[in-house]
>>> print(open('coords-v3.txt').read())   # compact mmCIF, C-alpha atoms and all ligand atoms
# COMPACT_ATOMS: atom_id res chain seq x y z
CA MET A 25 -149.06 8.27 86.55
CA HIS A 26 -146.65 10.89 87.79
CA ASN A 27 -143.66 9.97 89.80
CA ALA A 28 -141.66 12.76 91.41
CA GLN A 29 -139.10 12.80 88.63
CA THR A 30 -141.47 13.28 85.67
CA LEU A 31 -143.38 15.87 87.66
CA ARG A 32 -140.19 17.86 88.20
CA TRP A 33 -139.37 17.54 84.54
CA GLU A 34 -142.81 18.83 83.56
CA ILE A 35 -142.53 21.80 85.90
CA ARG A 36 -139.10 22.69 84.58
CA ASN A 37 -140.31 22.38 81.03
CA ALA A 38 -143.37 24.54 81.68
CA MET A 39 -141.09 27.21 83.08
CA ASP A 40 -138.91 27.05 80.02
CA ALA A 41 -141.95 27.54 77.79
CA LYS A 42 -142.98 30.49 79.92
CA THR A 43 -139.52 32.01 79.74
CA GLN A 44 -139.49 31.54 75.99
CA GLN A 45 -142.90 33.17 75.70
CA GLN A 46 -141.61 36.16 77.67
CA LEU A 47 -138.56 36.37 75.44
CA ARG A 48 -140.78 36.16 72.35
CA GLU A 49 -142.83 39.08 73.64
CA ARG A 50 -139.66 41.05 74.24
CA LEU A 51 -138.37 40.22 70.76
CA GLU A 52 -141.65 41.27 69.18
CA ALA A 53 -141.66 44.51 71.16
CA ARG A 54 -138.04 45.11 70.12
CA LYS A 55 -138.91 44.41 66.51
CA ALA A 56 -141.78 46.93 66.54
CA GLU A 57 -139.50 49.49 68.19
CA ILE A 58 -136.71 49.01 65.64
CA GLU A 59 -139.13 49.14 62.71
CA ARG A 60 -140.49 52.40 64.06
CA ASP A 61 -136.97 53.80 64.43
CA VAL A 62 -135.97 52.65 60.95
CA SER A 63 -138.98 54.33 59.37
CA TYR A 64 -138.29 57.46 61.40
CA MET A 65 -134.70 57.46 60.12
CA ALA A 66 -135.94 56.95 56.57
CA GLY A 67 -138.11 60.02 57.03
CA GLU A 68 -135.11 61.98 58.34
CA ILE A 69 -133.07 60.97 55.32
CA ARG A 70 -135.86 62.03 52.97
CA ALA A 71 -136.06 65.32 54.86
CA LEU A 72 -132.36 65.85 54.20
CA GLY A 73 -133.05 65.30 50.52
CA ILE A 74 -130.91 62.24 50.07
CA ASP A 75 -131.73 59.34 47.85
CA GLN A 76 -131.07 56.23 49.91
CA ASP A 77 -130.18 54.21 46.82
CA GLN A 78 -127.12 56.34 46.31
CA GLU A 79 -125.70 56.12 49.77
CA ASN A 80 -122.11 55.24 48.98
CA GLY A 81 -120.02 58.07 47.66
CA ALA A 82 -122.87 59.95 46.07
CA LEU A 83 -123.95 61.87 49.15
CA GLY A 84 -121.72 64.84 48.46
CA ASN A 85 -123.11 65.35 44.99
CA HIS A 86 -126.59 65.92 46.31
CA ILE A 87 -125.80 68.43 48.98
CA ALA A 88 -122.25 69.45 48.23
CA ASP A 89 -122.55 72.83 49.93
CA ASP A 90 -123.79 71.57 53.23
CA GLY A 91 -121.21 69.56 55.11
CA SER A 92 -123.30 69.22 58.24
CA SER A 93 -126.16 67.61 56.31
CA VAL A 94 -123.69 65.12 54.85
CA ALA A 95 -122.33 64.29 58.28
CA GLU A 96 -125.85 64.05 59.67
CA SER A 97 -127.08 61.80 56.90
CA GLU A 98 -124.01 59.59 57.21
CA ARG A 99 -124.70 59.29 60.91
CA ILE A 100 -128.32 58.36 60.21
CA LEU A 101 -127.29 55.78 57.62
CA THR A 102 -124.83 54.23 60.07
CA VAL A 103 -127.47 54.04 62.79
CA THR A 104 -129.98 52.62 60.29
CA ASP A 105 -127.47 49.94 59.26
CA ASP A 106 -126.96 48.99 62.89
CA LEU A 107 -130.71 48.86 63.48
CA GLN A 108 -131.23 46.71 60.37
CA GLY A 109 -128.55 44.35 61.62
CA ILE A 110 -130.31 43.96 64.98
CA LEU A 111 -133.68 43.66 63.23
CA ASN A 112 -132.32 40.75 61.16
CA GLN A 113 -131.10 39.06 64.33
CA VAL A 114 -134.47 39.61 66.01
CA ASN A 115 -136.32 38.15 63.00
CA GLU A 116 -133.99 35.16 62.90
CA ALA A 117 -134.50 34.57 66.62
CA LEU A 118 -138.29 34.61 66.10
CA GLU A 119 -137.88 32.13 63.21
CA ARG A 120 -135.81 29.86 65.45
CA MET A 121 -138.60 29.99 68.04
CA ASP A 122 -141.07 28.86 65.39
CA GLU A 123 -138.71 26.07 64.33
CA GLY A 124 -138.04 25.02 67.91
CA THR A 125 -134.31 25.68 67.67
CA TYR A 126 -134.33 28.84 69.74
CA GLY A 127 -131.61 28.97 72.39
CA ILE A 128 -129.33 26.57 70.48
CA CYS A 129 -126.00 28.01 69.39
CA GLN A 130 -125.92 28.28 65.60
CA ARG A 131 -122.24 27.47 65.52
CA CYS A 132 -121.58 24.65 68.02
CA GLY A 133 -125.14 23.40 68.63
CA ARG A 134 -124.92 23.70 72.40
CA GLU A 135 -127.54 25.40 74.53
CA ILE A 136 -127.09 29.12 75.08
CA ALA A 137 -127.23 30.08 78.76
CA THR A 138 -130.66 31.36 79.78
CA GLU A 139 -129.13 34.40 81.51
CA ARG A 140 -127.47 35.32 78.22
CA LEU A 141 -130.78 34.98 76.34
CA GLU A 142 -132.52 37.05 78.98
CA ALA A 143 -129.92 39.79 78.55
CA PHE A 144 -129.83 39.53 74.73
CA PRO A 145 -132.89 37.58 73.50
CA TYR A 146 -131.77 37.74 69.85
CA VAL A 147 -128.31 36.20 70.21
CA ALA A 148 -127.61 33.27 67.89
CA TYR A 149 -124.38 32.05 69.47
CA CYS A 150 -123.20 30.89 72.86
CA ILE A 151 -120.74 33.13 74.64
CA SER A 152 -117.62 31.19 73.60
CA CYS A 153 -118.60 31.05 69.90
CA GLN A 154 -119.50 34.73 70.02
CA SER A 155 -116.03 35.65 71.25
CA VAL A 156 -114.39 33.45 68.59
CA LEU A 157 -116.53 35.09 65.89
CA GLU A 158 -115.76 38.56 67.19
CA ARG A 159 -112.05 37.79 67.18
CA GLU A 160 -112.29 36.51 63.59
CA GLN A 161 -114.22 39.60 62.60
CA ALA A 162 -111.62 41.85 64.22
CA LEU A 163 -108.92 40.05 62.24
CA GLY A 164 -110.93 40.42 59.06
CA VAL A 165 -111.46 36.68 58.56
CA GLU A 166 -114.45 35.95 56.34
CA ALA A 167 -117.16 34.01 58.14
ZN ZN A 201 -121.46 27.94 70.44
>>> encode(input="coords-v3.txt", output="structure tokens")
Amino acid sequence: MHNAQTLRWEIRNAMDAKTQQQLRERLEARKAEIERDVSYMAGEIRALGIDQDQENGALGNHIADDGSSVAESERILTVTDDLQGILNQVNEALERMDEGTYGICQRCGREIATERLEAFPYVAYCISCQSVLEREQALGVEA
């Protein structure tokens, strides 16, 4: 038997599941997009003749005479790093969906606001924890 209260609860819950499904689709689309970009970047780096295993410090040895290629490859590596970072967050968000912990702040355990998840579906922290973490990061405190 449904009384008005359980019915409302079921409707709200169904909407949440729908929202989460939409966010999952967005995350999966984002993931495919990032993976495509990362493989494109990898191709660019190969085209510049740089061995990705030797990214730190060794770039100049490979193409010492071409400063613009060094700058370009450094730019690509930076972008690739950023993309990999987002990709990790996207993958972790998808894992949390599978585990049923999606939308729960990984630091304080409170629910992350739906508007925040809709803006950034891969976030792992609520807005207040995020700002604390960013402040710590800016100060160079190890997480
Ligand atoms: Zn939090």
>>> atom_distance(input="coords-v3.txt", atom1="atom CA of A:Gln113", atom2="atom CA of A:Leu163")
22.3 Å
>>> closest_residue(input="coords-v3.txt", among="A:Gly133, A:Gly109, A:Pro145, A:Gly164", to="ligand ZN 201 (chain A)", atoms="all atoms listed in the file")
A:Gly133
>>> residues_near_ligand(input="coords-v3.txt", ligand="ligand ZN 201 (chain A)", cutoff="7 Å", atoms="only C-alpha atoms and all ligand atoms", output="list in words")
Cys129, Gln130, Arg131, Cys132, Gly133, Arg134, Tyr149, Cys150, Ile151, Ser152 and Cys153 of chain A
>>> closest_residue(input="coords-v3.txt", among="A:Leu118, A:Leu72, A:Ile128, A:Ala66", to="A:Thr102", atoms="all atoms listed in the file")
A:Ala66
>>> closest_atom_pairs(input="coords-v3.txt", of="stretch 86-123 of chain A", to="stretch 44-60 of chain A", cutoff="10 Å", atoms="only C-alpha atoms", output="Markdown table")
| residue | atom | partner | partner_atom | distance |
| --- | --- | --- | --- | --- |
| A:Thr104 | CA | A:Ile58 | CA | 9.3 |
| A:Leu107 | CA | A:Ile58 | CA | 6.4 |
| A:Gln108 | CA | A:Ile58 | CA | 7.9 |
| A:Ile110 | CA | A:Ile58 | CA | 8.2 |
| A:Leu111 | CA | A:Lys55 | CA | 6.2 |
| A:Asn112 | CA | A:Lys55 | CA | 9.2 |
| A:Gln113 | CA | A:Lys55 | CA | 9.7 |
| A:Val114 | CA | A:Leu51 | CA | 6.2 |
| A:Asn115 | CA | A:Lys55 | CA | 7.6 |
| A:Ala117 | CA | A:Leu51 | CA | 8.0 |
| A:Leu118 | CA | A:Arg48 | CA | 6.9 |
| A:Met121 | CA | A:Arg48 | CA | 7.8 |
>>> atom_distance(input="coords-v3.txt", atom1="atom CA of A:Met65", atom2="atom CA of A:Asp106")
11.8 Å
>>> closest_residue(input="coords-v3.txt", among="A:Ser155, A:Ile69, A:Val62, A:Glu116", to="A:Val94", atoms="all atoms listed in the file")
A:Ile69
>>> atom_distance(input="coords-v3.txt", atom1="atom CA of A:Leu141", atom2="atom CA of A:Gly127")
7.2 Å
>>> closest_residue(input="coords-v3.txt", among="A:Val147, A:Val165, A:Ile100, A:Ala137", to="A:Ala71", atoms="all atoms listed in the file")
A:Ile100
>>> closest_residue(input="coords-v3.txt", among="A:Ser92, A:Thr43, A:Ser97, A:Asp105", to="A:Glu139", atoms="only C-alpha atoms")
A:Thr43
